[in-house]
Every structure is written in structure tokens, then in C-alpha cells.
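**Student:** One structure coming up, written as C-alpha cells, with questions to follow.
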Amino acid sequence: MSDPNAPDGGGQQIQISVPDAIKHGTYANFLVVSHSAHEFTLDFCQVLPGGDPTSVQADVVNRVKVAPTMVAKIIRALNTNMTAYEDKFGMVQNID
């Protein structure tokens, strides 16, 4: 896979390897984003239905920390992929 946004070398080939232990991924339906002067923290959570309607439990299933220099690239990649997804499957209805 070639990454045209790679910081060094532009067309550098990057070989991505996913270990067996994480190849199936983890489901998350809630995201908390926080930051410090040096990093952004993305806490991917699972919110399960049921229980006390006045209090909702969100369990962090994965925490990813990225440098501030990566945030714009992540946003662009998500935007590109969301556009491709909606072109193929239709508009996603946001539930706020």
C-alpha cells in the first residue's frame, strides 16, 4: 500500500501487518476525544443498552494516542472513506 501523505518519501511502500490477536477488531459505538499539549487521546467505548436510564456506562475497549501532527491526516482519511461509503451505500443518518 502506498501512502501519498507519508511524511518522508511521499510514495513510500508501507507493509501493514495485523497480528492474529487483533485481526477481528473490537466493536465501539461511542468515542471520547481528549488532548494535551503533546498528544490526542481517542477512547473507543462500548455503551450497552439497559440498566439505569439516568446513568449510562461506557466501557473503554481501546485507547489510541496520536501526535497532533496526525490528527488532520486522520480526519482526511475518515472523510475520504465516509464519502466513498456514502457513494456506495447511501447517506448515513446521524443520531444525536
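Starting from 1 in every chain, residues are counted up; chains themselves are A, B, ... following the order of the C-alpha cells, and ligands are numbered from 1 as listed.
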Would you pick out the contacts of region 58-73 of chain A at 12 Å or less, using only C-alpha atoms, so that residues sharing its chain but fewer than 6 positions from it are not included, and give the list as a PyMOL selection string?

**Tutor:** chain A and resi 3-7+22+25-49+79-80

**Student:** Between CA of Met91 (chain A) and CA of Leu78 (chain A), what is the distance, to one decimal in Å?

**Tutor:**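 Interatomic distance here is 14.7 Å.
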
**Student:** Just list the residues in chain A DSSP gives strand (DSSP E or B) on the backbone, as a ChimeraX atom specification.

**Tutor:** /A:2,6,10,13,30-35,40-47,58-66

**Student:** Quick one: pick out all helix (DSSP H, G or I) residues within chain A from a backbone DSSP run and write them as a ChimeraX atom specification.

**Tutor:** /A:20-22,68-89

**Student:** How far is it from CA of Met82 (chain A) to CA of Ile95 (chain A), in Å with one decimal?

**Tutor:**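 Separating CA of Met82 (chain A) from CA of Ile95 (chain A) is a distance of 15.9 Å.
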